[in-house]
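Novice: So here's my_file_14.csv (CSV, C-alpha atoms).
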chain,number,residue,atom,x,y,z
N,352,MET,CA,67.2,25.5,-32.0
N,353,THR,CA,64.3,24.7,-34.5
N,354,SER,CA,64.1,26.3,-37.9
N,355,LEU,CA,61.0,28.3,-37.0
N,356,GLY,CA,61.5,29.9,-33.7
N,357,LYS,CA,62.3,29.3,-30.0
N,358,PRO,CA,64.8,26.8,-28.7
N,359,GLY,CA,63.3,23.6,-27.7
N,360,ALA,CA,59.9,24.4,-29.2
N,361,ALA,CA,58.1,21.2,-30.3
N,362,ALA,CA,56.9,21.1,-33.9
N,363,ASP,CA,53.3,20.4,-34.8
N,364,PRO,CA,53.3,17.2,-36.9
N,365,ARG,CA,50.2,18.5,-38.8
N,366,THR,CA,51.5,21.9,-39.9
N,367,GLY,CA,55.3,21.6,-39.4
N,368,GLY,CA,55.2,24.8,-37.4
N,369,PRO,CA,55.7,25.3,-33.7
N,370,ARG,CA,53.0,23.7,-31.5
N,371,ARG,CA,50.7,26.2,-30.0
N,372,ARG,CA,49.8,25.9,-26.3
N,373,ARG,CA,46.1,25.6,-25.6
N,374,VAL,CA,44.7,27.9,-23.1
N,375,GLY,CA,42.3,26.1,-20.8
N,376,THR,CA,39.0,27.5,-20.0
N,377,GLY,CA,37.9,25.1,-17.3
N,378,GLY,CA,40.4,26.0,-14.7
N,379,ARG,CA,39.3,26.3,-11.1
N,380,ARG,CA,41.4,29.3,-10.2
N,381,GLY,CA,39.8,32.6,-9.5
N,382,VAL,CA,36.2,31.5,-9.0
N,383,PRO,CA,34.2,34.7,-8.5
N,384,LEU,CA,32.8,34.8,-4.9
N,385,PRO,CA,29.4,36.1,-6.2
N,386,LEU,CA,29.1,32.9,-8.2
N,387,LEU,CA,30.6,30.5,-5.7
N,388,VAL,CA,28.4,31.3,-2.8
N,389,PRO,CA,25.0,31.0,-4.6
N,390,GLY,CA,26.2,27.8,-6.3
N,391,VAL,CA,27.1,26.2,-3.0
N,392,VAL,CA,23.8,27.4,-1.4
N,393,ALA,CA,21.9,25.9,-4.4
N,394,LEU,CA,23.8,22.6,-4.0
N,395,ALA,CA,23.0,22.5,-0.3
N,396,PHE,CA,19.3,23.4,-1.0
N,397,LEU,CA,19.0,20.4,-3.4
N,398,LEU,CA,20.9,17.9,-1.4
N,399,LEU,CA,20.0,18.6,2.2
N,400,PRO,CA,16.4,17.2,2.0
N,401,LEU,CA,17.7,14.0,0.5
N,402,VAL,CA,20.4,13.7,3.1
N,403,ALA,CA,17.7,14.3,5.8
N,404,LEU,CA,15.7,11.5,4.3
N,405,LEU,CA,18.6,9.2,4.6
N,406,VAL,CA,19.5,10.3,8.1
N,407,ARG,CA,16.0,9.9,9.5
N,408,ALA,CA,15.3,6.7,7.7
N,409,PRO,CA,14.3,3.8,10.0
N,410,TRP,CA,17.1,1.5,8.9
N,411,ARG,CA,16.5,-1.1,11.5
N,412,GLY,CA,12.8,-1.5,10.8
N,413,LEU,CA,13.2,-1.0,7.0
N,414,PRO,CA,13.0,-4.7,6.1
N,415,GLN,CA,9.8,-5.1,8.0
N,416,GLN,CA,8.3,-2.0,6.5
N,417,LEU,CA,9.2,-3.0,2.9
N,418,THR,CA,8.0,-6.6,3.3
N,419,SER,CA,4.5,-5.6,4.3
N,420,ALA,CA,1.7,-6.7,1.9
N,421,GLU,CA,0.5,-3.1,1.4
N,422,VAL,CA,3.9,-1.9,0.3
N,423,TRP,CA,4.4,-4.8,-2.2
N,424,GLN,CA,0.9,-4.3,-3.5
N,425,ALA,CA,1.5,-0.6,-4.1
N,426,LEU,CA,5.0,-1.3,-5.6
N,427,GLN,CA,3.7,-4.0,-7.9
N,428,LEU,CA,0.8,-1.7,-9.1
N,429,SER,CA,3.2,1.2,-9.7
N,430,LEU,CA,5.6,-0.9,-11.8
N,431,VAL,CA,2.8,-2.4,-13.9
N,432,THR,CA,1.0,0.9,-14.5
N,433,ALA,CA,4.2,2.8,-15.2
N,434,THR,CA,5.4,0.2,-17.7
N,435,ALA,CA,2.0,0.2,-19.4
N,436,ALA,CA,1.9,4.0,-19.5
N,437,THR,CA,5.4,3.9,-21.1
N,438,ALA,CA,4.2,1.4,-23.7
N,439,VAL,CA,1.3,3.7,-24.5
N,440,SER,CA,3.6,6.6,-24.8
N,441,LEU,CA,5.9,4.7,-27.2
N,442,VAL,CA,3.1,3.5,-29.4
N,443,LEU,CA,1.6,7.0,-29.7
N,444,GLY,CA,4.4,9.3,-28.9
N,445,VAL,CA,7.1,8.1,-31.4
N,446,PRO,CA,4.8,8.7,-34.4
N,447,LEU,CA,3.8,12.1,-33.0
N,448,ALA,CA,7.4,13.1,-32.6
N,449,TRP,CA,8.1,12.0,-36.2
N,450,LEU,CA,5.3,14.2,-37.5
N,451,LEU,CA,6.5,17.2,-35.5
N,452,ALA,CA,10.1,16.7,-36.7
N,453,ARG,CA,9.7,15.6,-40.3
N,454,THR,CA,6.5,17.0,-41.7
N,455,GLU,CA,5.3,20.6,-42.4
N,456,PHE,CA,1.6,21.4,-41.6
N,457,PRO,CA,-0.3,24.5,-40.6
N,458,GLY,CA,-0.2,25.1,-36.9
N,459,ARG,CA,2.7,22.8,-36.2
N,460,GLY,CA,4.1,25.3,-33.6
N,461,LEU,CA,0.8,25.4,-31.8
N,462,VAL,CA,0.6,21.6,-31.8
N,463,ARG,CA,4.1,21.4,-30.3
N,464,ALA,CA,3.1,23.8,-27.6
N,465,LEU,CA,0.0,21.8,-26.8
N,466,VAL,CA,2.0,18.6,-26.7
N,467,THR,CA,4.3,20.1,-24.1
N,468,LEU,CA,1.5,21.6,-22.1
N,469,PRO,CA,1.3,18.7,-19.6
N,470,LEU,CA,4.9,19.4,-18.6
N,471,VAL,CA,3.9,22.8,-17.0
N,472,LEU,CA,0.2,22.0,-16.3
N,473,PRO,CA,-0.5,21.3,-12.6
N,474,PRO,CA,-1.1,17.5,-12.3
N,475,VAL,CA,-4.4,18.1,-10.4
N,476,VAL,CA,-5.6,20.2,-13.3
N,477,GLY,CA,-4.7,17.4,-15.7
N,478,GLY,CA,-6.7,15.0,-13.6
N,479,VAL,CA,-9.7,17.3,-13.7
N,480,ALA,CA,-9.3,17.6,-17.5
N,481,LEU,CA,-9.2,13.9,-17.8
N,482,LEU,CA,-12.4,13.6,-15.7
N,483,LEU,CA,-14.2,16.1,-17.9
N,484,ALA,CA,-13.1,14.2,-21.0
N,485,LEU,CA,-13.2,10.6,-20.0
N,486,GLY,CA,-15.5,10.6,-16.9
N,487,ARG,CA,-19.0,9.0,-17.0
N,488,ASN,CA,-20.4,12.4,-17.9
N,489,GLY,CA,-17.4,13.6,-19.8
N,490,VAL,CA,-17.2,14.6,-23.4
N,491,ILE,CA,-16.0,11.2,-24.6
N,492,GLY,CA,-16.6,9.2,-21.4
N,493,LYS,CA,-20.4,9.3,-21.6
N,494,TRP,CA,-20.3,7.7,-25.1
N,495,LEU,CA,-17.8,5.0,-23.9
N,496,ASP,CA,-20.1,4.2,-21.0
N,497,SER,CA,-23.4,4.2,-22.9
N,498,TRP,CA,-22.2,2.4,-26.1
N,499,PHE,CA,-19.5,0.0,-24.8
N,500,GLY,CA,-20.0,0.0,-21.0
N,501,ILE,CA,-16.4,1.2,-20.5
N,502,THR,CA,-15.7,3.2,-17.3
N,503,LEU,CA,-12.2,4.6,-17.0
N,504,PRO,CA,-12.1,6.8,-13.8
N,505,PHE,CA,-11.2,5.1,-10.5
N,506,THR,CA,-9.9,2.0,-12.2
N,507,THR,CA,-6.4,0.6,-12.9
N,508,THR,CA,-6.8,1.6,-16.5
N,509,GLY,CA,-7.5,5.1,-15.3
N,510,VAL,CA,-4.1,5.1,-13.5
N,511,VAL,CA,-2.4,4.1,-16.8
N,512,ILE,CA,-4.2,6.9,-18.7
N,513,ALA,CA,-3.3,9.5,-16.0
N,514,GLU,CA,0.3,8.5,-16.0
N,515,ALA,CA,0.6,8.4,-19.8
N,516,PHE,CA,-1.0,11.9,-20.0
N,517,VAL,CA,1.8,13.4,-17.9
N,518,ALA,CA,4.6,11.2,-19.1
N,519,MET,CA,4.2,11.1,-22.9
N,520,PRO,CA,5.5,14.7,-23.4
N,521,PHE,CA,8.9,13.6,-22.0
N,522,LEU,CA,9.2,10.9,-24.7
N,523,VAL,CA,7.9,13.1,-27.5
N,524,ILE,CA,10.4,15.9,-26.7
N,525,SER,CA,13.3,13.5,-26.5
N,526,VAL,CA,12.5,11.6,-29.7
N,527,GLU,CA,11.7,14.8,-31.7
N,528,GLY,CA,15.1,16.3,-30.6
N,529,THR,CA,16.9,13.1,-31.7
N,530,LEU,CA,15.0,13.2,-35.1
N,531,ARG,CA,16.0,16.8,-35.7
N,532,ALA,CA,19.6,15.9,-35.0
N,533,ALA,CA,19.5,12.9,-37.4
N,534,ASP,CA,20.4,13.4,-41.0
N,535,PRO,CA,17.2,13.0,-43.1
N,536,ARG,CA,19.2,12.2,-46.2
N,537,PHE,CA,19.4,8.6,-45.1
N,538,GLU,CA,15.6,8.3,-45.2
N,539,GLU,CA,15.6,10.1,-48.6
N,540,ALA,CA,18.2,7.7,-50.0
N,541,ALA,CA,16.1,4.7,-48.8
N,542,THR,CA,13.0,6.1,-50.5
N,543,THR,CA,14.9,6.7,-53.8
N,544,LEU,CA,15.9,3.1,-53.7
N,545,GLY,CA,12.3,2.0,-53.7
N,546,ALA,CA,11.4,1.8,-50.0
N,547,SER,CA,8.2,3.2,-48.8
N,548,ARG,CA,8.2,6.0,-46.2
N,549,PHE,CA,7.1,3.6,-43.5
N,550,THR,CA,9.8,1.0,-44.5
N,551,ALA,CA,12.4,3.8,-44.4
N,552,PHE,CA,11.2,4.8,-41.0
N,553,ARG,CA,11.3,1.2,-39.7
N,554,ARG,CA,14.5,0.1,-41.2
N,555,VAL,CA,16.6,3.3,-41.3
N,556,THR,CA,15.2,5.9,-38.9
N,557,LEU,CA,14.4,3.8,-35.9
N,558,PRO,CA,17.9,2.4,-35.6
N,559,LEU,CA,19.3,5.9,-35.8
N,560,ILE,CA,17.1,7.4,-33.1
N,561,ALA,CA,17.1,4.3,-30.8
N,562,PRO,CA,19.2,6.1,-28.1
N,563,GLY,CA,16.7,9.0,-28.1
N,564,ILE,CA,13.8,6.6,-27.8
N,565,ALA,CA,15.4,4.7,-25.0
N,566,ALA,CA,16.2,7.9,-23.1
N,567,GLY,CA,12.7,9.3,-23.6
N,568,ALA,CA,11.2,5.9,-22.5
N,569,VAL,CA,13.2,5.9,-19.3
N,570,LEU,CA,12.3,9.4,-18.5
N,571,ALA,CA,8.6,8.7,-19.3
N,572,TRP,CA,8.7,5.6,-17.1
N,573,ALA,CA,10.2,7.5,-14.2
N,574,ARG,CA,7.7,10.3,-14.5
N,575,ALA,CA,4.8,7.8,-14.6
N,576,LEU,CA,6.2,6.0,-11.6
N,577,GLY,CA,6.2,9.3,-9.6
N,578,GLU,CA,2.9,10.6,-10.8
N,579,PHE,CA,0.5,11.7,-8.0
N,580,GLY,CA,-1.8,14.6,-8.7
N,581,ALA,CA,-3.5,13.4,-11.9
N,582,THR,CA,-3.7,9.9,-10.6
N,583,ILE,CA,-5.5,10.7,-7.3
N,584,THR,CA,-7.8,13.1,-9.1
N,585,PHE,CA,-8.8,10.8,-12.0
N,586,ALA,CA,-8.3,7.3,-10.6
N,587,GLY,CA,-8.7,7.8,-6.8
N,588,ASN,CA,-6.7,6.1,-4.0
N,589,PHE,CA,-8.1,2.5,-3.7
N,590,PRO,CA,-5.6,0.0,-2.3
N,591,GLY,CA,-4.8,-2.8,-4.7
N,592,ARG,CA,-6.6,-1.1,-7.6
N,593,THR,CA,-5.4,2.5,-8.0
N,594,GLN,CA,-3.1,3.1,-5.0
N,595,THR,CA,0.4,3.5,-6.4
N,596,MET,CA,3.6,4.2,-4.5
N,597,PRO,CA,3.3,8.0,-4.3
N,598,LEU,CA,-0.3,7.7,-3.1
N,599,ALA,CA,0.8,5.1,-0.5
N,600,VAL,CA,3.5,7.6,0.7
N,601,TYR,CA,0.9,10.3,1.1
N,602,LEU,CA,-1.5,8.0,3.0
N,603,ALA,CA,1.3,6.6,5.2
N,604,LEU,CA,2.6,10.0,6.1
N,605,GLN,CA,-0.7,10.7,7.9
N,606,ASN,CA,-0.7,7.5,10.0
N,607,ASP,CA,2.8,5.9,9.9
N,608,PRO,CA,5.7,8.4,9.1
N,609,GLU,CA,8.3,5.6,9.2
N,610,ALA,CA,6.4,3.7,6.5
N,611,ALA,CA,6.2,6.9,4.5
N,612,ILE,CA,10.0,7.3,4.8
N,613,ALA,CA,10.6,3.7,3.8
N,614,LEU,CA,8.4,4.1,0.7
N,615,SER,CA,10.2,7.3,-0.1
N,616,LEU,CA,13.5,5.5,0.0
N,617,VAL,CA,12.2,3.0,-2.6
N,618,LEU,CA,11.2,5.8,-5.0
N,619,LEU,CA,14.5,7.6,-4.3
N,620,ALA,CA,16.5,4.5,-5.2
N,621,VAL,CA,14.5,4.1,-8.4
N,622,SER,CA,15.2,7.7,-9.3
N,623,VAL,CA,18.9,7.3,-8.8
N,624,ALA,CA,18.9,4.1,-10.8
N,625,VAL,CA,17.1,5.9,-13.7
N,626,LEU,CA,19.7,8.7,-13.7
N,627,ALA,CA,22.5,6.2,-13.5
N,628,GLY,CA,21.0,4.3,-16.5
N,629,LEU,CA,20.6,7.4,-18.6
N,630,ARG,CA,24.1,8.7,-18.2
N,631,ASP,CA,25.4,11.8,-20.0
N,632,ARG,CA,25.5,10.1,-23.4
N,633,TRP,CA,21.7,9.7,-23.4
N,634,LEU,CA,21.0,13.1,-22.1
N,635,THR,CA,23.4,15.0,-24.3
N,636,GLY,CA,24.0,12.6,-27.1
N,637,THR,CA,27.8,12.2,-26.3
N,638,GLY,CA,29.3,9.3,-24.6
N,639,ARG,CA,32.3,9.0,-22.4
Could I get this structure in the form of structure tokens?
Specialist:
Amino acid sequence: MTSLGKPGAAADPRTGGPRRRRVGTGGRRGVPLPLLVPGVVALAFLLLPLVALLVRAPWRGLPQQLTSAEVWQALQLSLVTATAATAVSLVLGVPLAWLLARTEFPGRGLVRALVTLPLVLPPVVGGVALLLALGRNGVIGKWLDSWFGITLPFTTTGVVIAEAFVAMPFLVISVEGTLRAADPRFEEAATTLGASRFTAFRRVTLPLIAPGIAAGAVLAWARALGEFGATITFAGNFPGRTQTMPLAVYLALQNDPEAAIALSLVLLAVSVAVLAGLRDRWLTGTGR
């Protein structure tokens, strides 16, 4: 018998007293039926369309479908434009996220709301807005056309702009959240030692928030790769120039459903690879 209680009770090495049993909260017993049934229905609702895509896929003719020149052309254009849109998002979005997280200025809440607006804005509306801003008769586009001879709509550059418009908010939100979680005292210590604010950002802050930047970049890239509405509205659907994979799926669905399924499988595989690459430690900030 121990000195403090029940026979055979194990002592806690930290306190010297009896070890307390932890009550688990993640048990599987007694799952309420009103929660179990809707949860299973929701899971089926999300998974059944993907299962149907895999079941109805033309597996025998898949190599022939994926090796066609049109598919590779659309895939190559999608990869190039999504990567370019992500690069634009990194160059512009990381400084914007730093301003939102580290500086105080009037109307910061409104600016943050406007930055996240493309997340909820219908993509077609975003494409129309881009046309009104950057089209030949747009607010800025007419000056670009008359002064520099630059035309953005219905070009490959237009695809990059449309994809960056809808993808950048994902990166800004991810980086801003990481910056808010990072301790600003490291930057303050660097500035007190004589470093400029930009040097402190480059040498101290960037290494601290690198996982958040990586997660935001991957999310932005995946969003850019799957962009459809803003792209077809602002850049059109011209094979070899503006026809990305989602646009090719839409076009193939009208004439060749098997080709549309094959292209959809490629985008599905890319999406799964993105989720596998992010993992929980990038999404939640905790690793396993």
Novice: Taking all atoms listed in the file into account, name the residue in N:Trp494, N:Glu421, N:Arg453, N:Val526 that is nearest to Glu538 (chain N).
Specialist: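 Looking at the shortest contact to Glu538 (chain N), the residue is N:Arg453.
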Novice: If we count all atoms listed in the file, what is near Thr556 (chain N) at a cut-off of 9 Å, once residues fewer than 5 positions away on the same chain are taken out, given as a CSV table (one decimal) with C-alpha atoms, in the frame of the given file?
Specialist:
chain,number,residue,atom,x,y,z
N,530,LEU,CA,15.0,13.2,-35.1
N,533,ALA,CA,19.5,12.9,-37.4
N,535,PRO,CA,17.2,13.0,-43.1
N,537,PHE,CA,19.4,8.6,-45.1
N,538,GLU,CA,15.6,8.3,-45.2
N,551,ALA,CA,12.4,3.8,-44.4
N,561,ALA,CA,17.1,4.3,-30.8
Novice: Residues proximal to (17.2, 6.6, 7.8) were defined as those with any atom within 12 Å of that point in the file's coordinates, counting only C-alpha atoms. Which are they, as a VMD selection string?
Specialist: chain N and resid 401 to 413 608 to 616
Novice: Within 8 Å of Ala513 (chain N), counting only C-alpha atoms, which residues qualify if same-chain residues fewer than 5 places away don't, as JSON, numbers by chain?
Specialist: {"N": [478, 481, 581, 582, 585, 586]}
Novice: Would you output that residue set with C-alpha atoms, as a PDB file, keeping the file's coordinate frame?
Specialist:
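Now in result.pdb:
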ATOM      1  CA  GLY N 478      -6.700  15.000 -13.600  1.00  0.00           C
ATOM      2  CA  LEU N 481      -9.200  13.900 -17.800  1.00  0.00           C
ATOM      3  CA  ALA N 581      -3.500  13.400 -11.900  1.00  0.00           C
ATOM      4  CA  THR N 582      -3.700   9.900 -10.600  1.00  0.00           C
ATOM      5  CA  PHE N 585      -8.800  10.800 -12.000  1.00  0.00           C
ATOM      6  CA  ALA N 586      -8.300   7.300 -10.600  1.00  0.00           C
TER       7      ALA N 586
END
Novice: Quick one, how far is CA of Leu399 (chain N) from CA of Leu618 (chain N)?
Specialist: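 Atom-to-atom, CA of Leu399 (chain N) to CA of Leu618 (chain N), that is 17.1 Å.
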Novice: So that I can check the surroundings of Val523 (chain N), please list as a ChimeraX atom specification every protein, DNA and RNA residue that reaches within 8 Å of it, counting all atoms listed in the file and ignoring chain neighbours fewer than 3 positions away.
Specialist: /N:444-445,447-448,519-520,526-527,567
Novice: Can you measure CA of Leu465 (chain N) to CA of Thr529 (chain N) for me? One decimal in Å is fine.
Specialist: 19.6 Å
Novice: Find the residues near Leu576 (chain N): any atom within 10 Å, counting only C-alpha atoms, skip ones fewer than 6 places away on the same chain, and give them as a list in words.
Specialist: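 In the requested format, the answer is Leu426, Leu428, Ser429, Leu430, Val431, Thr432, Ala433, Thr434, Ala436, Thr437, Glu514, Ala518, Leu570, Thr595, Met596, Pro597, Leu618, Val621 and Ser622 of chain N.
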Novice: Using only C-alpha atoms, list the residues that have an atom at most 10 Å from (-2.1, 3.2, -1.8), coordinates as in the file, as a compact mmCIF listing (two decimals) with C-alpha atoms, keeping the file's coordinate frame.
Specialist:
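Okay, this is what ended up in result.txt:
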# COMPACT_ATOMS: atom_id res chain seq x y z
CA GLU N 421 0.50 -3.10 1.40
CA VAL N 422 3.90 -1.90 0.30
CA GLN N 424 0.90 -4.30 -3.50
CA ALA N 425 1.50 -0.60 -4.10
CA LEU N 426 5.00 -1.30 -5.60
CA LEU N 428 0.80 -1.70 -9.10
CA SER N 429 3.20 1.20 -9.70
CA ILE N 583 -5.50 10.70 -7.30
CA GLY N 587 -8.70 7.80 -6.80
CA ASN N 588 -6.70 6.10 -4.00
CA PHE N 589 -8.10 2.50 -3.70
CA PRO N 590 -5.60 0.00 -2.30
CA GLY N 591 -4.80 -2.80 -4.70
CA ARG N 592 -6.60 -1.10 -7.60
CA THR N 593 -5.40 2.50 -8.00
CA GLN N 594 -3.10 3.10 -5.00
CA THR N 595 0.40 3.50 -6.40
CA MET N 596 3.60 4.20 -4.50
CA PRO N 597 3.30 8.00 -4.30
CA LEU N 598 -0.30 7.70 -3.10
CA ALA N 599 0.80 5.10 -0.50
CA VAL N 600 3.50 7.60 0.70
CA TYR N 601 0.90 10.30 1.10
CA LEU N 602 -1.50 8.00 3.00
CA ALA N 603 1.30 6.60 5.20
Novice: Rounded to one decimal in Å, what is the spacing between CA of Thr467 (chain N) and CA of Phe516 (chain N)?
Specialist: 10.6 Å
Novice: Please determine, counting all atoms listed in the file, which residue among N:Ala420, N:Ala624, N:Val388, N:Ile512 has the shortest atom-to-atom distance to Ala480 (chain N).
Specialist: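 Under the stated criterion, the closest residue is N:Ile512.
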